[in-house]
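This report concerns only the one structure given below.
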Amino acid sequence: MANGELTRGRVTTQDIVGRLWNLCHVLRDDGVGYGEYVTELTFLLFLKMLEETQREDRLPAEYRWKTIASREGVEQLDHYKRALLELGKAADPVVAQIFTDAQTRLRKPANLKTLTTAIDGLDWFSAREEGLGELYEGLLEKNASEKKSGAGQYFTPRPLIDCIVRLMKPQPGEVIQDPAAGTAGFLVAADRYIKDATDDLYGLPQAQVFFQRNTALTGIELVPDTHRLALMNLMLHGVEGPIALGDSLSPDGEALGKADLILTNPPFGTKKGGGRPSRSDFSVTADTSNKQLAFVEHVVRALKPGGRAAVVVPDNVLFEDNTGRRLRQWLMELADLHTILRLPTGIFYAQGVKTNVLFLRRGEADRANTKAVWVYDLRANMPAFGKTRPLTRDDFAAFEAAYGDDPNGGAERTDEGPEGRFRRFTREEIAARNDNLDLAWLRDDSDAAEDDLSDPEDIAAAILGHLRAALAEVEAVDAELTGEEAVPAEAEA
Amino acid sequence: MSGLPTGWTEAAVLDLLEPLSDGRLIHQGWSPRCETVPSSDPDDWGVLKTTAIQDGWFCDEHNKRLPDKLDPRPLLEVSAGDLLMTCAGPRARCGVPALVRRTRPRLMISGKMYRMRPSRHAEPAYLEAALRTSAVQLAIDQLKTGMSESGMNLTHERFATLRIPVAPAAEQRRIVAKLDVLTDRTARSRGDLDRIPALAERYRRAVLQAAFGGKLTTLPNDEPRDVLTPSSALQDDIERGRWEFEHLPNGWEWKPFSEVFEDVTHSTRKLPTKEYQESGRYPVVDQGEVLIPGHTDREDLVHPSEPPFVIFGDHTRCVKFIEERFVQGADGVKVLKPRPDILPKYAARLLEGLELPNKGYSRHNKFLRASFFPVCDGGTQAEIVRRIDAAFAEIDRLTAEAEAARRLLDRLDQAILAKAFRGELVPQDPADESAGVLLERIRAERAAAPKPKRGRRKAAA
């Protein structure tokens with residue numbers, strides 16, 4: 001078979017992403033690690049994409065793509081470094097943000113040349129056809145799926161995002177927030193949904209168009225490099241809205257303001273150093289180091305009355321017995337927690353966490369809003385997801401049908417009984433179980449599914465998942481034993 | 001009693017029991033000759049086996065069907081709420097408690113177990129938990145009698161002397177609720193850890209297949225693989241070892257067994273198992289799981305070739321890499337020397353990765369000789385060995401962690417129980433009725449009840 005393309009004809013985004021990704025070997029040779037690779041590429045791609053879309057007027061003339069790509073040798077590398085520095089001070093605020101503290105790890109001029117040549121050599125015509133935003137998201141996803149990069153924790157799989165957005169139905173005019181924006185996956189998807197429904201905002205009054213482009217989407221991201229990727233991602237999708245660099249669990253989060261719709265996947269893992277949220281408006285989770293619980297409190301507080309949210313949380317949030325229980329009770333008072341989706345394991349690029357999606361609506365009043373909770377178990381008896389069996393849209397089809405077409409869970413639903421995946425629990429039933437929302441009833445043979453895994457990375461992820469789960473249980477026991485104050489027994493004389 | 005929390009007291013286990021249907025506090029069962037199969041029909045009576053009683057866990061499926069010609073003894077029927085304890089058997093199986101939380105009908109206790117009923121004024125699971133603490137198990141152990149470790153007894157009289165700390169009734173319930181939550185967690189944790197060894201084994205196999213399929217060393221979007229068809233010899237019907245792939249990347253080849261290994265098995269220089277010594281100048285290597293099962297000083301039996309060697313177990317399919325002079329152990333050892341152009345460790349890993357048909361304990365040599373192996377250039381061989389070693393080392397580390405964690409979990413469970421019975425698991429509530437009051441209530445109820453009739457046929461065998 002001849003050396004060349006496997007597929008003749010139209011080159012797809014996947015191909016371009018693949019070629020871009022292969023350049024990582026060039027960078028690795030120069031000491032750039034997997035985690036930094038996409039950031040490094042982002043700077044160059046950004047400049048090239050501005051050229052391709054005729055938006056170079058946003059840049060000072062001496063730092064546009066051609067000024068870098070046409071140079072050679074040491075001169076090219078020096079010019080590039082200068083560009084990174086100067087563009088961080090650019091007049092255009094988005095450019096300035098993307099290049100804030102921008103640095104390159106490249107040392108060898110030959111490697112920079114290889115990159116600029118390769119980038120110039122991509123099929124930009126086809127890429128523009130598909131949408132540069134798609135291209136960029138493809139690159140982000142590839143990065144996330146390479147477990148070595150560690151970027152998985154900032155990336156929610158696209159099929160899950162799309163499912164949630166389809167159910168929550170973002171509307172033009174709504175303020176949409178992601179307090180843990182990552183690479184802006186949810187915000188981009190919500191924006192795309194609205195644009196698809198309004199023929200790309202055509203026909204909306206000018207003021208509304210401005211709103212959609214600049215104010216509708218808001219969010220915060222904590223990690224500078226990830227924040228950069230988020231800005232780039234949004235810009236390529238035609239969104240200029242402010243995504244702040246900050247910590248939602250600090251006063252930055254209060255400053256975000258209120259939203260009509262919140263879509264978010266807060267980061268997994270515990271806050272390093274066991275820090276507490278530093279917001280004055282937190283009451284339930286003010287004293288916990290459990291970040292996920294704190295994010296849930298943020299979500300409820302940030303919703304306008306009648307506002308709705310979908311939040312991805314680990315199992316711990318559903319069963320933790322101290323602060324967790326208080327949080328759940330508070331949540332069910334102030335909001336209607338109408339649906340919980342138990343997600344399959346192995347779908348996140350971060351290893352083996354058990355997660356769920358909470359669908360809720362903030363009440364008009366603050367009392368007794370949750371009357372019943374519908375739980376959909378998409379975890380038991382599912383295939384072992386991983387490299388050889390990626391998550392797809394179809395995997396959510398049954399759930400979406402059962403959820404119904406009311407974003408607030410009001411559509412007619414049927415309890416599928418003990419053998420089914422969709423069941424209803426009244427508030428009283430939940431209270432009788434000590435307000436534990438870790439509700440499962442199906443006999444789970446997913447261990448058998450694990451036996452079908454064949455890719456070493458998938459198996460390693462499964463092992464780590466079990467270790468992590470085992471550890472989580474023991475941590476819970478530890479918290480029970482030590483968290484409870486005042487149990488020193490009083491001895492009799 | 002000093003040291004006990006407020007409201008607690010110490011009492012005999014018997015003081016917490018309520019009378020059984022015939023007025024007695026403890027029943028010992030009946031051990032007739034039974035069928036060897038369990039009673040599968042709830043209408044057919046069965047006699048419980050001691051294996052039905054495990055540490056804090058009762059399983060009604062462990063029973064033997066009562067032969068039709070024998071009449072059952074309904075007095076001995078087990079019901080939910082009974083507390084059982086084994087009273088005969090090997091030391092470790094004597095004195096094991098289990099609360100019957102649910103059971104099918106028509107199962108009788110055997111002569112090797114006691115049945116008692118915790119008072120309904122107290123919390124039955126509390127009594128079960130108390131009997132499971134290591135402190136009480138130690139006390140029980142000291143009450144056991146018997147001539148040999150495999151046949152111990154716990155007599156009724158001695159059991160009656162057993163005492164435990166008793167909490168107020170309300171606190172007993174709180175303790176049990178908390179214990180349930182915690183042991184639920186540790187059980188889940190155990191379940192997760194138990195999955196790891198099997199997954200680790202899958203991982204090792206997956207790594208080997210990926211390595212020898214060229215997936216660990218070639219780049220993802222590289223040139224498409226040449227469809228390097230295996231030798232036309234592979235189109236025949238001969239049974240041989242397999243791989244999970246057929247195509248190799250550019251630059252690799254399929255080599256037959258004879259071009260990868262030289263069989264240097266010695267026909268006469270071997271040492272029978274019974275002559276293995278604990279220590280000696282030379283290691284003995286055989287086809288068992290253990291790398292070096294013994295040593296010897298028999299210089300005359302040392303294998304004449306130079307190391308390194310790849311040892312293959314003809315029956316066990318075990319693969320070992322040996323880098324020193326050694327003596328062949330018992331039969332079934334195949335000693336292979338990698339050919340000069342194959343890195344020895346690469347050859348050893350190749351043999352580990354080959355999936356031979358499993359013929360049980362028959363010989364596998366002929367399948368091995370018919371097999372083909374994927375071979376690449378020297379540099380890539382070295383890289384592959386490095387990758388495999390690193391991956392295996394990592395997974396070994398994880399497995400060891402999981403095992404250590406598993407052992408710690410058992411200690412955690414015991415530590416939790418101990419904490420509970422020191423009164424430190426849940427807070428005391430001064431409003432609770434004290435344990436003393438509880439015991440008095442039980443005592444009074446028993447005093448008012450009808451006495452067991454004298455001259456009753458004894459239930460014990």
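By convention here, the chains of the structure tokens are called A, B, ... in the order presented, each chain's residues are numbered starting at 1, and ligands are numbered starting at 1 in the order presented.
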Please list as a list in words every residue within 6 Å of B:Gly294, counting only C-alpha atoms and excluding residues in the same chain fewer than 5 positions away.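 The residues that qualify are Tyr276, Gln277, Glu278 and Val284 of chain B.
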List the neighbours of B:His121 out to 8 Å using only C-alpha atoms; skip same-chain residues closer than 6 positions along the sequence, and give me the result as a PyMOL selection string. chain B and resi 169+438+442
Those residues with C-alpha atoms, as a PDB file, in the first residue's frame please?
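So result_7.pdb came out as:
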ATOM      1  CA  ALA B 169     -30.806  -0.019  75.216  1.00  0.00           C
ATOM      2  CA  LEU B 438     -32.605  -2.850  81.014  1.00  0.00           C
ATOM      3  CA  ILE B 442     -35.227  -8.662  81.426  1.00  0.00           C
TER       4      ILE B 442
END
Report as a tab-separated table: every residue of chain B with an atom at most 8 Å from chain A, its closest pair of atoms, and their distance in Å to one decimal, counting only C-alpha atoms, with rows sorted by chain and ascending residue number.
residue	atom	partner	partner_atom	distance
B:Met1	CA	A:Glu492	CA	7.5
B:Ser2	CA	A:Glu492	CA	6.0
B:Gly3	CA	A:Ala491	CA	5.3
B:Leu4	CA	A:Ala491	CA	5.3
B:Pro5	CA	A:Ala491	CA	4.2
B:Thr6	CA	A:Glu492	CA	5.3
B:Leu182	CA	A:Val477	CA	5.9
B:Arg185	CA	A:Glu473	CA	5.3
B:Thr186	CA	A:Val474	CA	6.6
B:Arg188	CA	A:Ala470	CA	7.1
B:Ser189	CA	A:Ala470	CA	4.1
B:Arg190	CA	A:Ala470	CA	7.0
B:Asp192	CA	A:His466	CA	5.0
B:Leu193	CA	A:His466	CA	6.4
B:Arg195	CA	A:His466	CA	7.4
B:Ile196	CA	A:Ile463	CA	5.9
B:Leu199	CA	A:Ile463	CA	6.6
B:Ala200	CA	A:Ile463	CA	7.4
B:Arg202	CA	A:Ile459	CA	7.4
B:Tyr203	CA	A:Pro456	CA	5.5
B:Arg204	CA	A:Pro456	CA	7.9
B:Ala206	CA	A:Pro456	CA	5.3
B:Val207	CA	A:Pro456	CA	5.6
B:Ala210	CA	A:Pro456	CA	7.8
B:Pro220	CA	A:Asn22	CA	7.9
B:Asn221	CA	A:Gly18	CA	6.8
B:Glu223	CA	A:Asn3	CA	6.7
B:Pro224	CA	A:Asn3	CA	7.8
B:Asp226	CA	A:Met1	CA	7.2
B:Ala402	CA	A:Leu467	CA	7.2
B:Arg422	CA	A:Ala489	CA	7.5
B:Gly423	CA	A:Ala489	CA	5.6
B:Glu424	CA	A:Val487	CA	5.4
B:Leu425	CA	A:Val487	CA	6.7
B:Val426	CA	A:Val487	CA	6.1
B:Pro427	CA	A:Val487	CA	4.8
B:Gln428	CA	A:Ala489	CA	7.1
Expected file contents, prior selection, N, CA and C atoms, as a short mmCIF file (atom, residue, chain, number, x, y, z; two decimals), in the first residue's frame:
data_model
loop_
_atom_site.label_atom_id
_atom_site.label_comp_id
_atom_site.auth_asym_id
_atom_site.auth_seq_id
_atom_site.Cartn_x
_atom_site.Cartn_y
_atom_site.Cartn_z
N MET B 1 -18.52 -0.72 87.91
CA MET B 1 -17.31 -1.25 87.29
C MET B 1 -16.52 -0.09 86.71
N SER B 2 -15.30 0.10 87.11
CA SER B 2 -14.55 1.28 86.67
C SER B 2 -14.20 1.18 85.20
N GLY B 3 -14.12 2.32 84.56
CA GLY B 3 -13.72 2.33 83.17
C GLY B 3 -14.88 2.29 82.20
N LEU B 4 -16.05 1.89 82.59
CA LEU B 4 -17.17 1.85 81.67
C LEU B 4 -17.84 3.22 81.60
N PRO B 5 -18.38 3.54 80.42
CA PRO B 5 -19.05 4.83 80.27
C PRO B 5 -20.30 4.92 81.14
N THR B 6 -20.75 6.15 81.34
CA THR B 6 -21.95 6.37 82.16
C THR B 6 -23.13 5.61 81.59
N LEU B 182 -20.75 1.85 58.88
CA LEU B 182 -19.31 1.69 58.72
C LEU B 182 -18.93 0.36 58.07
N ARG B 185 -19.37 0.27 54.42
CA ARG B 185 -18.26 0.90 53.71
C ARG B 185 -17.07 -0.01 53.61
N THR B 186 -16.66 -0.61 54.72
CA THR B 186 -15.45 -1.44 54.65
C THR B 186 -15.71 -2.65 53.76
N ARG B 188 -17.60 -2.64 51.10
CA ARG B 188 -17.47 -2.16 49.72
C ARG B 188 -16.01 -1.99 49.35
N SER B 189 -15.27 -1.47 50.29
CA SER B 189 -13.85 -1.28 50.06
C SER B 189 -13.18 -2.60 49.76
N ARG B 190 -13.51 -3.59 50.58
CA ARG B 190 -12.96 -4.93 50.37
C ARG B 190 -13.32 -5.45 48.99
N ASP B 192 -13.92 -3.78 46.29
CA ASP B 192 -13.10 -3.12 45.27
C ASP B 192 -11.70 -3.70 45.24
N LEU B 193 -11.11 -3.88 46.40
CA LEU B 193 -9.74 -4.38 46.43
C LEU B 193 -9.66 -5.80 45.89
N ARG B 195 -11.08 -7.00 43.47
CA ARG B 195 -11.11 -7.04 42.00
C ARG B 195 -9.72 -6.90 41.42
N ILE B 196 -8.82 -6.38 42.21
CA ILE B 196 -7.55 -5.95 41.63
C ILE B 196 -6.64 -7.07 41.14
N LEU B 199 -7.66 -8.12 37.65
CA LEU B 199 -7.41 -7.05 36.69
C LEU B 199 -5.92 -6.90 36.42
N ALA B 200 -5.13 -7.08 37.44
CA ALA B 200 -3.68 -6.94 37.27
C ALA B 200 -3.17 -8.00 36.30
N ARG B 202 -4.92 -9.39 33.89
CA ARG B 202 -5.37 -8.95 32.56
C ARG B 202 -4.44 -7.87 32.04
N TYR B 203 -4.05 -6.99 32.92
CA TYR B 203 -3.18 -5.89 32.52
C TYR B 203 -1.87 -6.42 31.98
N ARG B 204 -1.29 -7.37 32.70
CA ARG B 204 0.00 -7.91 32.25
C ARG B 204 -0.15 -8.51 30.86
N ALA B 206 -2.40 -7.79 28.63
CA ALA B 206 -2.67 -6.74 27.64
C ALA B 206 -1.39 -6.00 27.27
N VAL B 207 -0.53 -5.78 28.24
CA VAL B 207 0.72 -5.08 27.96
C VAL B 207 1.59 -5.91 27.03
N ALA B 210 0.19 -5.77 23.55
CA ALA B 210 0.43 -4.46 22.94
C ALA B 210 1.91 -4.32 22.56
N PRO B 220 1.31 6.57 16.75
CA PRO B 220 -0.10 6.32 16.41
C PRO B 220 -0.46 6.58 14.96
N ASN B 221 -0.13 7.73 14.44
CA ASN B 221 -0.60 8.02 13.07
C ASN B 221 0.47 7.76 12.02
N GLU B 223 2.94 5.52 9.35
CA GLU B 223 2.64 4.83 8.10
C GLU B 223 1.71 3.66 8.43
N PRO B 224 0.79 3.37 7.54
CA PRO B 224 -0.07 2.22 7.81
C PRO B 224 0.77 0.95 7.83
N ASP B 226 2.26 -2.45 7.09
CA ASP B 226 2.27 -3.39 5.98
C ASP B 226 1.51 -4.60 6.47
N ALA B 402 -2.63 -2.92 47.17
CA ALA B 402 -3.99 -3.42 47.38
C ALA B 402 -3.99 -4.52 48.43
N ARG B 422 -16.08 0.42 73.79
CA ARG B 422 -15.54 1.29 74.82
C ARG B 422 -16.47 2.48 75.00
N GLY B 423 -17.56 2.51 74.26
CA GLY B 423 -18.51 3.62 74.33
C GLY B 423 -18.04 4.84 73.59
N GLU B 424 -17.11 4.67 72.65
CA GLU B 424 -16.56 5.84 71.98
C GLU B 424 -17.07 6.01 70.56
N LEU B 425 -17.96 5.16 70.12
CA LEU B 425 -18.41 5.26 68.74
C LEU B 425 -19.55 6.26 68.59
N VAL B 426 -20.46 6.24 69.57
CA VAL B 426 -21.56 7.20 69.56
C VAL B 426 -21.60 7.89 70.92
N PRO B 427 -22.17 9.11 70.95
CA PRO B 427 -22.18 9.80 72.24
C PRO B 427 -23.16 9.13 73.21
N GLN B 428 -22.83 9.26 74.53
CA GLN B 428 -23.79 8.81 75.52
C GLN B 428 -24.88 9.86 75.64
#
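Across B:Arg163, B:His266, B:Arg281, B:Arg386, the tightest approach to B:Ser305 is made by B:His266 when counting only C-alpha atoms.
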Mind checking DSSP for stretch 151-339 of chain B and telling me the alpha helix (DSSP H) residues as JSON, numbers by chain? {"B": [156, 157, 158, 159, 169, 170, 171, 172, 173, 174, 175, 176, 177, 178, 179, 180, 181, 182, 183, 184, 185, 186, 187, 188, 189, 190, 191, 192, 193, 194, 195, 196, 197, 198, 199, 200, 201, 202, 203, 204, 205, 206, 207, 208, 209, 210, 211, 212, 257, 258, 259, 260]}
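Considering the residues A:His237, A:Pro179, A:Met168, A:Asp377 and counting only C-alpha atoms, A:Asn408 has its shortest atom-to-atom contact with A:Met168.
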Fewer than 3 positions away in the same chain doesn't count, so skip those; otherwise give me all residues within 10 Å of A:Leu84, counting only C-alpha atoms, as a list in words. Phe43, Leu44, Tyr63, His79, Tyr80, Lys81, Leu87, Gly88, Lys89, Ala96, Ile98, Phe99, Thr100, Asp101, Ala102, Gln103 and Thr104 of chain A
Give the strand (DSSP E) residues of stretch 51-227 of chain B, as assigned by DSSP on the backbone, as a PyMOL selection string. chain B and resi 53-54+57-58+63-65+83-86+88-89+97-99+107-108+113-116+145-148+151-153+163-166
Can you write out the residues you just picked, keeping N, CA, C and O atoms, as a short mmCIF file (atom, residue, chain, number, x, y, z; two decimals), in the first residue's frame?
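Written output follows (again_31.cif):
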data_model
loop_
_atom_site.label_atom_id
_atom_site.label_comp_id
_atom_site.auth_asym_id
_atom_site.auth_seq_id
_atom_site.Cartn_x
_atom_site.Cartn_y
_atom_site.Cartn_z
N ILE B 53 -22.84 -20.65 59.77
CA ILE B 53 -22.52 -19.59 60.74
C ILE B 53 -21.12 -19.07 60.46
O ILE B 53 -20.13 -19.78 60.64
N GLN B 54 -21.06 -17.82 59.99
CA GLN B 54 -19.75 -17.20 59.77
C GLN B 54 -19.71 -15.93 60.60
O GLN B 54 -20.74 -15.45 61.04
N TRP B 57 -22.41 -13.42 60.11
CA TRP B 57 -23.12 -13.60 58.85
C TRP B 57 -23.71 -15.01 58.81
O TRP B 57 -23.04 -15.99 59.07
N PHE B 58 -24.99 -15.07 58.50
CA PHE B 58 -25.68 -16.35 58.49
C PHE B 58 -26.16 -16.67 57.07
O PHE B 58 -26.74 -15.81 56.40
N ASN B 63 -27.03 -26.29 54.54
CA ASN B 63 -27.75 -27.26 55.37
C ASN B 63 -27.75 -28.61 54.68
O ASN B 63 -27.37 -28.72 53.52
N LYS B 64 -28.15 -29.63 55.39
CA LYS B 64 -28.25 -30.96 54.79
C LYS B 64 -29.69 -31.45 54.97
O LYS B 64 -30.28 -31.27 56.03
N ARG B 65 -30.20 -32.04 53.95
CA ARG B 65 -31.59 -32.45 53.96
C ARG B 65 -31.83 -33.59 54.93
O ARG B 65 -31.07 -34.56 55.00
N LEU B 83 -29.99 -15.89 67.80
CA LEU B 83 -28.55 -15.69 67.76
C LEU B 83 -27.91 -17.08 67.86
O LEU B 83 -28.19 -17.83 68.79
N LEU B 84 -27.09 -17.42 66.84
CA LEU B 84 -26.47 -18.74 66.83
C LEU B 84 -24.99 -18.62 67.17
O LEU B 84 -24.36 -17.60 66.89
N MET B 85 -24.45 -19.69 67.73
CA MET B 85 -23.01 -19.72 67.96
C MET B 85 -22.54 -21.16 67.83
O MET B 85 -23.13 -22.07 68.43
N THR B 86 -21.47 -21.36 67.08
CA THR B 86 -20.91 -22.71 66.94
C THR B 86 -20.29 -23.08 68.28
O THR B 86 -19.67 -22.25 68.94
N ALA B 88 -18.68 -26.37 68.63
CA ALA B 88 -17.77 -27.49 68.45
C ALA B 88 -17.09 -27.38 67.10
O ALA B 88 -17.66 -26.83 66.15
N GLY B 89 -15.86 -27.87 67.03
CA GLY B 89 -15.14 -27.84 65.76
C GLY B 89 -13.70 -27.43 65.97
O GLY B 89 -13.25 -27.29 67.11
N PRO B 97 -20.10 -16.41 66.24
CA PRO B 97 -21.50 -15.99 66.38
C PRO B 97 -22.09 -15.47 65.07
O PRO B 97 -21.38 -14.95 64.22
N ALA B 98 -23.42 -15.63 64.95
CA ALA B 98 -24.12 -14.98 63.84
C ALA B 98 -25.57 -14.76 64.22
O ALA B 98 -26.23 -15.66 64.73
N LEU B 99 -26.05 -13.55 63.95
CA LEU B 99 -27.46 -13.25 64.18
C LEU B 99 -28.22 -13.65 62.93
O LEU B 99 -27.82 -13.34 61.82
N LEU B 107 -35.59 -25.18 59.02
CA LEU B 107 -34.19 -25.55 59.19
C LEU B 107 -33.94 -25.69 60.69
O LEU B 107 -34.32 -24.83 61.47
N MET B 108 -33.25 -26.79 61.07
CA MET B 108 -33.02 -27.04 62.49
C MET B 108 -31.56 -26.80 62.84
O MET B 108 -30.68 -26.99 62.01
N MET B 113 -24.07 -26.44 67.53
CA MET B 113 -24.31 -25.00 67.68
C MET B 113 -25.32 -24.74 68.77
O MET B 113 -26.18 -25.57 69.09
N TYR B 114 -25.20 -23.56 69.35
CA TYR B 114 -26.17 -23.09 70.32
C TYR B 114 -27.11 -22.13 69.62
O TYR B 114 -26.71 -21.40 68.72
N ARG B 115 -28.34 -22.08 70.14
CA ARG B 115 -29.27 -21.07 69.68
C ARG B 115 -29.84 -20.37 70.89
O ARG B 115 -30.26 -20.99 71.86
N MET B 116 -29.84 -19.05 70.86
CA MET B 116 -30.40 -18.25 71.97
C MET B 116 -31.12 -17.07 71.36
O MET B 116 -30.99 -16.80 70.18
N THR B 145 -12.58 -26.13 75.41
CA THR B 145 -11.91 -27.31 75.93
C THR B 145 -11.78 -28.33 74.81
O THR B 145 -12.52 -28.30 73.84
N GLY B 146 -10.81 -29.22 74.96
CA GLY B 146 -10.69 -30.26 73.95
C GLY B 146 -9.30 -30.86 73.94
O GLY B 146 -8.34 -30.23 74.40
N MET B 147 -9.23 -32.04 73.39
CA MET B 147 -7.96 -32.77 73.38
C MET B 147 -7.07 -32.29 72.23
O MET B 147 -5.85 -32.30 72.33
N SER B 148 -7.67 -31.88 71.12
CA SER B 148 -6.84 -31.45 70.00
C SER B 148 -7.40 -30.18 69.40
O SER B 148 -8.58 -29.87 69.54
N GLY B 151 -10.52 -30.37 67.30
CA GLY B 151 -11.80 -30.78 67.89
C GLY B 151 -12.01 -30.13 69.24
O GLY B 151 -11.80 -30.73 70.29
N MET B 152 -12.39 -28.85 69.24
CA MET B 152 -12.60 -28.13 70.50
C MET B 152 -14.09 -28.04 70.78
O MET B 152 -14.92 -28.16 69.88
N ASN B 153 -14.40 -27.77 72.05
CA ASN B 153 -15.79 -27.59 72.47
C ASN B 153 -15.96 -26.36 73.33
O ASN B 153 -15.05 -25.97 74.05
N ARG B 163 -18.91 -12.72 80.07
CA ARG B 163 -19.49 -11.43 80.40
C ARG B 163 -19.10 -10.40 79.34
O ARG B 163 -18.03 -10.48 78.74
N ILE B 164 -19.99 -9.45 79.13
CA ILE B 164 -19.70 -8.41 78.14
C ILE B 164 -20.13 -7.04 78.68
O ILE B 164 -20.95 -6.97 79.60
N PRO B 165 -19.60 -5.95 78.11
CA PRO B 165 -20.07 -4.63 78.49
C PRO B 165 -21.45 -4.40 77.87
O PRO B 165 -21.66 -4.70 76.70
N VAL B 166 -22.36 -3.86 78.68
CA VAL B 166 -23.72 -3.64 78.20
C VAL B 166 -24.04 -2.16 78.23
O VAL B 166 -23.91 -1.49 79.25
#
Quick one: everything within 8 Å of A:Leu187, counting only C-alpha atoms, minus sequence neighbours fewer than 3 positions away in the same chain. Send it as a PyMOL selection string. chain A and resi 176-178+181+184+190-191+217+234+263
Please build the interface table for stretch 346-434 of chain A against stretch 331-340 of chain A with a cut-off of 12 Å, listing for each qualifying residue the nearest atom pair and the distance in Å to one decimal; count only C-alpha atoms, order rows by chain and increasing number, and write it as a tab-separated table.
residue	atom	partner	partner_atom	distance
A:Thr355	CA	A:Ile340	CA	10.4
A:Asn356	CA	A:Ile340	CA	6.7
A:Val357	CA	A:Ile340	CA	5.7
A:Leu358	CA	A:Ile340	CA	4.8
A:Phe359	CA	A:Thr339	CA	5.1
A:Leu360	CA	A:Leu337	CA	4.3
A:Arg361	CA	A:Asp336	CA	5.1
A:Arg362	CA	A:Ala335	CA	4.2
A:Gly363	CA	A:Ala335	CA	5.0
A:Glu364	CA	A:Leu334	CA	8.6
A:Ala365	CA	A:Leu334	CA	7.2
A:Asp366	CA	A:Leu334	CA	4.4
A:Arg367	CA	A:Glu333	CA	4.9
A:Ala368	CA	A:Glu333	CA	4.4
A:Asn369	CA	A:Asp336	CA	4.7
A:Thr370	CA	A:Asp336	CA	4.1
A:Lys371	CA	A:Asp336	CA	7.3
A:Ala372	CA	A:His338	CA	6.5
A:Val373	CA	A:His338	CA	4.8
A:Trp374	CA	A:Thr339	CA	4.6
A:Val375	CA	A:Ile340	CA	4.8
A:Tyr376	CA	A:Ile340	CA	6.3
A:Asp377	CA	A:Ile340	CA	8.5
A:Leu378	CA	A:Ile340	CA	10.2
A:Arg379	CA	A:Ile340	CA	11.9
A:Phe399	CA	A:Ile340	CA	10.8
A:Glu400	CA	A:Thr339	CA	11.6
A:Ala402	CA	A:Thr339	CA	10.7
A:Tyr403	CA	A:Thr339	CA	8.1
A:Gly404	CA	A:Thr339	CA	11.1
A:Asp406	CA	A:His338	CA	11.1
A:Pro407	CA	A:His338	CA	10.0
A:Asn408	CA	A:His338	CA	7.2
A:Gly409	CA	A:His338	CA	5.8
A:Gly410	CA	A:His338	CA	8.4
A:Ala411	CA	A:His338	CA	10.9
A:Arg413	CA	A:Thr339	CA	11.1
A:Arg421	CA	A:Ile340	CA	11.6
A:Phe422	CA	A:Ile340	CA	9.8
A:Arg423	CA	A:Thr339	CA	9.8
A:Arg424	CA	A:Thr339	CA	9.0
A:Phe425	CA	A:His338	CA	9.9
A:Thr426	CA	A:His338	CA	10.3
A:Arg427	CA	A:Met332	CA	8.6
A:Glu428	CA	A:Met332	CA	11.7
A:Ile430	CA	A:Met332	CA	10.6
A:Ala431	CA	A:Met332	CA	10.7
Provide the atom CA of B:Lys215 to atom CA of A:Gly346 distance in Å, to one decimal place.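 The value is 22.0 Å.
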Test item: residues at most 12 Å from B:Gly29, only C-alpha atoms, excluding those fewer than 2 positions along its chain, as number ranges by chain: B: 26-27, 31-32, 47-50, 72-78, 84-88, 107-116, 458-461
Listing only residues of stretch 331-433 of chain B within 6 Å of stretch 247-254 of chain B, what is the closest atom pair and its distance in Å (to one decimal) for each, using only C-alpha atoms, sorted by chain and residue number ascending, as CSV?
residue,atom,partner,partner_atom,distance
B:Phe372,CA,B:Trp254,CA,6.0
B:Phe373,CA,B:Trp254,CA,5.4
B:Pro374,CA,B:Trp254,CA,4.7
B:Val375,CA,B:Glu253,CA,5.3
B:Cys376,CA,B:Trp252,CA,4.5
I'd like the contact shell of stretch 12-17 of chain B - 8 Å cut-off, only C-alpha atoms, skipping same-chain residues fewer than 3 positions apart - returned as an MDAnalysis selection string. chainID B and resid 25 116:119 122 127 160:164 439 442:443
If I take atom CA of A:Asn436 and atom CA of A:Asn316, how far is one from the other in Å, to one decimal? 10.2 Å
From A:Thr53, A:Thr392, A:Ser145, A:Thr117, residue lying nearest A:Met235 [only C-alpha atoms]: A:Thr53
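The two atoms in question, atom CA of A:Glu174 and atom CA of A:Ala216, are spaced 6.3 Å apart.
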